[in-house]
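This report concerns only the one structure given below.
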Amino acid sequence: MRLKKCDEVVRYLRGTDYGGRLKDIPVGQGRTTTVVLSLYDALFSDYGTVMKSLPGRASQLIERLLLRFDAENLKTLLRGIWHGLSPSEVRPLLYRLDGLSQLPVEKLLEAREVNGAVELLTSTAFHTPLKQALGQFNRQKRLFPLEIAADMAAVEHVAAFLREGRGFDGKRARHLLGRWIDGINLCWMVRFRHFYGFSPEEAIHYTVSGGVRLDVPRLGTLARARDLPEFVNALPSPYGEVLRNAADWHQITPLFQWWLVARLHASFLENPFQVGLQISYLLLK
């Protein structure tokens, strides 16, 4: 927290396990975007290693967790198309997933209109959700329907895999990722209802299945809460206790995230022979 400049952060991190990823950044020329993408390179390298070390179904679950980075890249690519940016302007903004990505990145970089870009996604998990959102996009003339469809597709793909529940010991994975999905729904609910001014019905529409404590009826109650105390009182345990001290809506996300981080750390004290350990490691990193 005492470091004030990007180059100071780079110098510090060069003395850690991340040093190898930052060695090619010239001294005095470190930019935030360059450093952040280099750190994500380390994360994606770990994803690749973990996927190779796990048996089939467990490896496939880790692969699906990666989709949220594909979703971020897809949103960046769509924004580039929407604003008429060149491939050279968009490429430096993308996560460098390389062979871990489902997306036809090079074709998307060359696309000149959004509807055509969606048709390039036919072999990915994003095609159907984005195709269904094209009507709203064309009517509203804004990217939000496509962006939220990409985010929801990434999370739903994980949830669908967990519901199948066959081929590996997924109990711990379902427990961890169910909490993660609950957190996504909570944070989206707050953002859409109380920052963007969506109606309760709209906010409920932009939630995903797969949580362990927040089902559709409970999410409906939360969407209709008139103020923060009513919202917190409607939360089941342990979330009500976790968020009880929130002074305003902005504190919901960081308080939940701190609590989730503690749960992920706890995985390292449990049985090491279960996929929850790898999930916790990757989500923490």
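Residue names in the structure tokens use chain letters A, B, ... in the order shown, residue numbers from 1 in each chain, and ligand numbers from 1 in the order shown.
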Range 57-61 of chain A surroundings by only C-alpha atoms, 10 Å radius, close-in-sequence under 3 positions cut, as a list in words: Tyr47, Gly48, Val50, Met51, Lys52, Ser53, Leu54, Arg64, Leu65, Leu66, His157, Val158, Ala159, Phe161, Leu162, Gly165, Arg166, Gly167, Phe168, Asp169, Gly170, Ala173, Gln274, Val275, Gly276, Gln278 and Ile279 of chain A
Shell around range 188-195 of chain A at 7 Å using only C-alpha atoms, local window under 6 positions removed, as a ChimeraX atom specification: /A:203,223,249
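You can rank A:Leu94, A:Val10, A:Ala153, A:Leu222 by their closest distance to Gly240 in chain A using only C-alpha atoms, and at the top of that list sits A:Leu222.
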Could you pull out the helix (DSSP H, G or I) residues of range 102-211 of chain A from DSSP and send them as a count of residues only? 78
Find the residues around Thr122 in chain A up to 12 Å (only C-alpha atoms counted), leave out those fewer than 6 positions away in its own chain, and share them as an NGL selection string. :A and (102-104 or 116 or 128-131)
Taking 5 positions as the minimum chain separation for residues in the same chain, which residues sit within 12 Å of Ile148 in chain A when counting only C-alpha atoms? Answer as an MDAnalysis selection string. chainID A and resid 68 71:72 74:75 126 129:130 132:134 136:137 142:143 153:156 188 192 203 205:208
Take the residues that were just selected and, keeping N, CA, C and O atoms, output them as an mmCIF file, in the first residue's frame.
data_model
loop_
_atom_site.group_PDB
_atom_site.id
_atom_site.type_symbol
_atom_site.label_atom_id
_atom_site.label_comp_id
_atom_site.auth_asym_id
_atom_site.auth_seq_id
_atom_site.Cartn_x
_atom_site.Cartn_y
_atom_site.Cartn_z
ATOM 1 N N ARG A 68 -14.831 -16.929 -18.061
ATOM 2 C CA ARG A 68 -15.111 -15.550 -17.666
ATOM 3 C C ARG A 68 -14.081 -14.592 -18.255
ATOM 4 O O ARG A 68 -14.377 -13.411 -18.468
ATOM 5 N N ALA A 71 -15.143 -14.113 -21.755
ATOM 6 C CA ALA A 71 -16.256 -13.155 -21.755
ATOM 7 C C ALA A 71 -15.724 -11.720 -21.716
ATOM 8 O O ALA A 71 -16.244 -10.845 -22.430
ATOM 9 N N GLU A 72 -14.704 -11.470 -20.909
ATOM 10 C CA GLU A 72 -14.120 -10.126 -20.859
ATOM 11 C C GLU A 72 -13.496 -9.753 -22.197
ATOM 12 O O GLU A 72 -13.645 -8.622 -22.677
ATOM 13 N N LEU A 74 -14.358 -10.950 -25.099
ATOM 14 C CA LEU A 74 -15.438 -10.768 -26.060
ATOM 15 C C LEU A 74 -16.061 -9.386 -25.926
ATOM 16 O O LEU A 74 -16.340 -8.717 -26.936
ATOM 17 N N LYS A 75 -16.263 -8.932 -24.702
ATOM 18 C CA LYS A 75 -16.816 -7.590 -24.502
ATOM 19 C C LYS A 75 -15.877 -6.525 -25.050
ATOM 20 O O LYS A 75 -16.316 -5.550 -25.666
ATOM 21 N N PHE A 126 -20.819 -18.889 -26.220
ATOM 22 C CA PHE A 126 -21.431 -17.559 -26.212
ATOM 23 C C PHE A 126 -22.430 -17.338 -27.355
ATOM 24 O O PHE A 126 -23.199 -16.379 -27.310
ATOM 25 N N PRO A 129 -26.538 -17.427 -26.384
ATOM 26 C CA PRO A 129 -26.971 -16.304 -25.540
ATOM 27 C C PRO A 129 -26.859 -14.953 -26.239
ATOM 28 O O PRO A 129 -27.753 -14.105 -26.110
ATOM 29 N N LEU A 130 -25.774 -14.732 -26.992
ATOM 30 C CA LEU A 130 -25.621 -13.446 -27.656
ATOM 31 C C LEU A 130 -26.587 -13.310 -28.831
ATOM 32 O O LEU A 130 -27.100 -12.209 -29.090
ATOM 33 N N GLN A 132 -29.545 -14.528 -28.931
ATOM 34 C CA GLN A 132 -30.830 -14.204 -28.320
ATOM 35 C C GLN A 132 -30.892 -12.751 -27.863
ATOM 36 O O GLN A 132 -31.977 -12.164 -27.791
ATOM 37 N N ALA A 133 -29.726 -12.160 -27.542
ATOM 38 C CA ALA A 133 -29.683 -10.771 -27.076
ATOM 39 C C ALA A 133 -29.576 -9.764 -28.214
ATOM 40 O O ALA A 133 -29.658 -8.553 -27.974
ATOM 41 N N LEU A 134 -29.400 -10.245 -29.450
ATOM 42 C CA LEU A 134 -29.231 -9.328 -30.575
ATOM 43 C C LEU A 134 -30.456 -8.436 -30.791
ATOM 44 O O LEU A 134 -30.321 -7.272 -31.181
ATOM 45 N N GLN A 136 -32.502 -7.137 -28.563
ATOM 46 C CA GLN A 136 -32.422 -5.999 -27.645
ATOM 47 C C GLN A 136 -31.315 -5.039 -28.073
ATOM 48 O O GLN A 136 -31.487 -3.816 -28.016
ATOM 49 N N PHE A 137 -30.183 -5.591 -28.482
ATOM 50 C CA PHE A 137 -29.078 -4.743 -28.936
ATOM 51 C C PHE A 137 -29.514 -3.877 -30.113
ATOM 52 O O PHE A 137 -29.252 -2.666 -30.142
ATOM 53 N N ARG A 142 -27.252 -0.157 -28.039
ATOM 54 C CA ARG A 142 -26.170 -0.133 -27.056
ATOM 55 C C ARG A 142 -25.729 -1.566 -26.787
ATOM 56 O O ARG A 142 -26.499 -2.519 -26.992
ATOM 57 N N LEU A 143 -24.495 -1.710 -26.287
ATOM 58 C CA LEU A 143 -23.895 -3.027 -26.160
ATOM 59 C C LEU A 143 -24.311 -3.782 -24.895
ATOM 60 O O LEU A 143 -24.046 -4.975 -24.786
ATOM 61 N N ALA A 153 -23.441 -16.053 -19.686
ATOM 62 C CA ALA A 153 -23.109 -17.311 -20.351
ATOM 63 C C ALA A 153 -21.916 -17.980 -19.679
ATOM 64 O O ALA A 153 -21.902 -19.209 -19.493
ATOM 65 N N ALA A 154 -20.911 -17.195 -19.300
ATOM 66 C CA ALA A 154 -19.724 -17.758 -18.666
ATOM 67 C C ALA A 154 -20.069 -18.409 -17.330
ATOM 68 O O ALA A 154 -19.610 -19.523 -17.026
ATOM 69 N N VAL A 155 -20.899 -17.734 -16.530
ATOM 70 C CA VAL A 155 -21.265 -18.280 -15.223
ATOM 71 C C VAL A 155 -22.219 -19.459 -15.375
ATOM 72 O O VAL A 155 -22.084 -20.484 -14.694
ATOM 73 N N GLU A 156 -23.198 -19.342 -16.262
ATOM 74 C CA GLU A 156 -24.159 -20.429 -16.474
ATOM 75 C C GLU A 156 -23.463 -21.697 -16.961
ATOM 76 O O GLU A 156 -23.891 -22.809 -16.637
ATOM 77 N N TRP A 188 -24.487 -8.266 -8.715
ATOM 78 C CA TRP A 188 -25.252 -7.808 -9.875
ATOM 79 C C TRP A 188 -26.578 -7.193 -9.435
ATOM 80 O O TRP A 188 -27.026 -6.187 -9.983
ATOM 81 N N PHE A 192 -27.534 -3.460 -10.526
ATOM 82 C CA PHE A 192 -28.637 -3.180 -11.444
ATOM 83 C C PHE A 192 -29.792 -2.450 -10.768
ATOM 84 O O PHE A 192 -30.390 -1.536 -11.349
ATOM 85 N N ALA A 203 -33.936 -6.773 -12.762
ATOM 86 C CA ALA A 203 -32.791 -7.244 -11.978
ATOM 87 C C ALA A 203 -32.839 -8.761 -11.800
ATOM 88 O O ALA A 203 -31.813 -9.444 -11.885
ATOM 89 N N HIS A 205 -34.162 -10.857 -13.823
ATOM 90 C CA HIS A 205 -33.838 -11.450 -15.125
ATOM 91 C C HIS A 205 -32.339 -11.631 -15.298
ATOM 92 O O HIS A 205 -31.900 -12.604 -15.922
ATOM 93 N N TYR A 206 -31.555 -10.724 -14.727
ATOM 94 C CA TYR A 206 -30.101 -10.798 -14.879
ATOM 95 C C TYR A 206 -29.451 -11.477 -13.679
ATOM 96 O O TYR A 206 -28.515 -10.969 -13.067
ATOM 97 N N THR A 207 -29.989 -12.635 -13.312
ATOM 98 C CA THR A 207 -29.348 -13.489 -12.316
ATOM 99 C C THR A 207 -29.143 -14.863 -12.932
ATOM 100 O O THR A 207 -29.775 -15.210 -13.936
ATOM 101 N N VAL A 208 -28.252 -15.636 -12.327
ATOM 102 C CA VAL A 208 -27.936 -16.964 -12.864
ATOM 103 C C VAL A 208 -28.234 -18.024 -11.809
ATOM 104 O O VAL A 208 -28.234 -17.747 -10.608
#
In terms of only C-alpha atoms, the residue from A:Leu43, A:Ala247, A:Val9, A:Leu282 at minimal distance from Val261 in chain A is A:Leu282
When you look at Val35 in chain A with a cut-off of 9 Å (counting only C-alpha atoms), what residues show up, excluding the ones that are within fewer than 3 positions of it in the same chain? I need them as number ranges by chain. A: 6, 10, 21-22, 25, 30-32, 38-40
Output the selection as an mmCIF file, in the first residue's frame - N, CA, C and O atoms for each residue.
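Printed below is part37.cif as written:
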data_model
loop_
_atom_site.group_PDB
_atom_site.id
_atom_site.type_symbol
_atom_site.label_atom_id
_atom_site.label_comp_id
_atom_site.auth_asym_id
_atom_site.auth_seq_id
_atom_site.Cartn_x
_atom_site.Cartn_y
_atom_site.Cartn_z
ATOM 1 N N CYS A 6 3.717 2.891 -10.588
ATOM 2 C CA CYS A 6 3.687 1.577 -11.236
ATOM 3 C C CYS A 6 5.077 0.935 -11.246
ATOM 4 O O CYS A 6 5.226 -0.258 -10.987
ATOM 5 N N VAL A 10 6.411 -2.732 -9.907
ATOM 6 C CA VAL A 10 7.140 -3.693 -10.734
ATOM 7 C C VAL A 10 8.422 -4.127 -10.040
ATOM 8 O O VAL A 10 8.756 -5.322 -9.987
ATOM 9 N N ARG A 21 7.566 -13.097 -14.966
ATOM 10 C CA ARG A 21 6.603 -12.542 -15.921
ATOM 11 C C ARG A 21 6.828 -11.055 -16.176
ATOM 12 O O ARG A 21 6.303 -10.512 -17.147
ATOM 13 N N LEU A 22 7.594 -10.402 -15.316
ATOM 14 C CA LEU A 22 7.775 -8.956 -15.421
ATOM 15 C C LEU A 22 9.178 -8.558 -15.866
ATOM 16 O O LEU A 22 9.469 -7.374 -16.010
ATOM 17 N N ILE A 25 9.717 -6.083 -18.892
ATOM 18 C CA ILE A 25 9.190 -4.713 -18.857
ATOM 19 C C ILE A 25 10.348 -3.764 -18.572
ATOM 20 O O ILE A 25 10.984 -3.855 -17.511
ATOM 21 N N GLY A 30 7.109 0.921 -17.172
ATOM 22 C CA GLY A 30 5.986 0.081 -16.789
ATOM 23 C C GLY A 30 4.672 0.849 -16.799
ATOM 24 O O GLY A 30 4.560 1.914 -16.195
ATOM 25 N N ARG A 31 3.684 0.343 -17.531
ATOM 26 C CA ARG A 31 2.355 0.921 -17.546
ATOM 27 C C ARG A 31 1.405 -0.050 -16.865
ATOM 28 O O ARG A 31 1.595 -1.264 -16.926
ATOM 29 N N THR A 32 0.359 0.491 -16.255
ATOM 30 C CA THR A 32 -0.553 -0.356 -15.494
ATOM 31 C C THR A 32 -1.109 -1.493 -16.339
ATOM 32 O O THR A 32 -1.125 -2.654 -15.911
ATOM 33 N N SER A 38 0.568 -8.876 -17.780
ATOM 34 C CA SER A 38 1.677 -9.788 -17.494
ATOM 35 C C SER A 38 1.364 -10.667 -16.288
ATOM 36 O O SER A 38 1.690 -11.869 -16.272
ATOM 37 N N LEU A 39 0.721 -10.100 -15.281
ATOM 38 C CA LEU A 39 0.332 -10.887 -14.113
ATOM 39 C C LEU A 39 -0.748 -11.905 -14.485
ATOM 40 O O LEU A 39 -0.749 -13.037 -13.973
ATOM 41 N N TYR A 40 -1.664 -11.519 -15.365
ATOM 42 C CA TYR A 40 -2.666 -12.481 -15.819
ATOM 43 C C TYR A 40 -2.032 -13.588 -16.654
ATOM 44 O O TYR A 40 -2.521 -14.726 -16.659
#
CA of Asn73 in chain A and CA of Met152 in chain A are how many Å apart? 14.2 Å
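Interatomic distance, CA of Arg91 in chain A against CA of Leu77 in chain A: 8.5 Å.
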Which residues are near Leu228 in chain A? Cut-off 8 Å, only C-alpha atoms, ignore same chain within fewer than 3 positions. Put them as a PyMOL selection string. chain A and resi 225+231-232+248-249
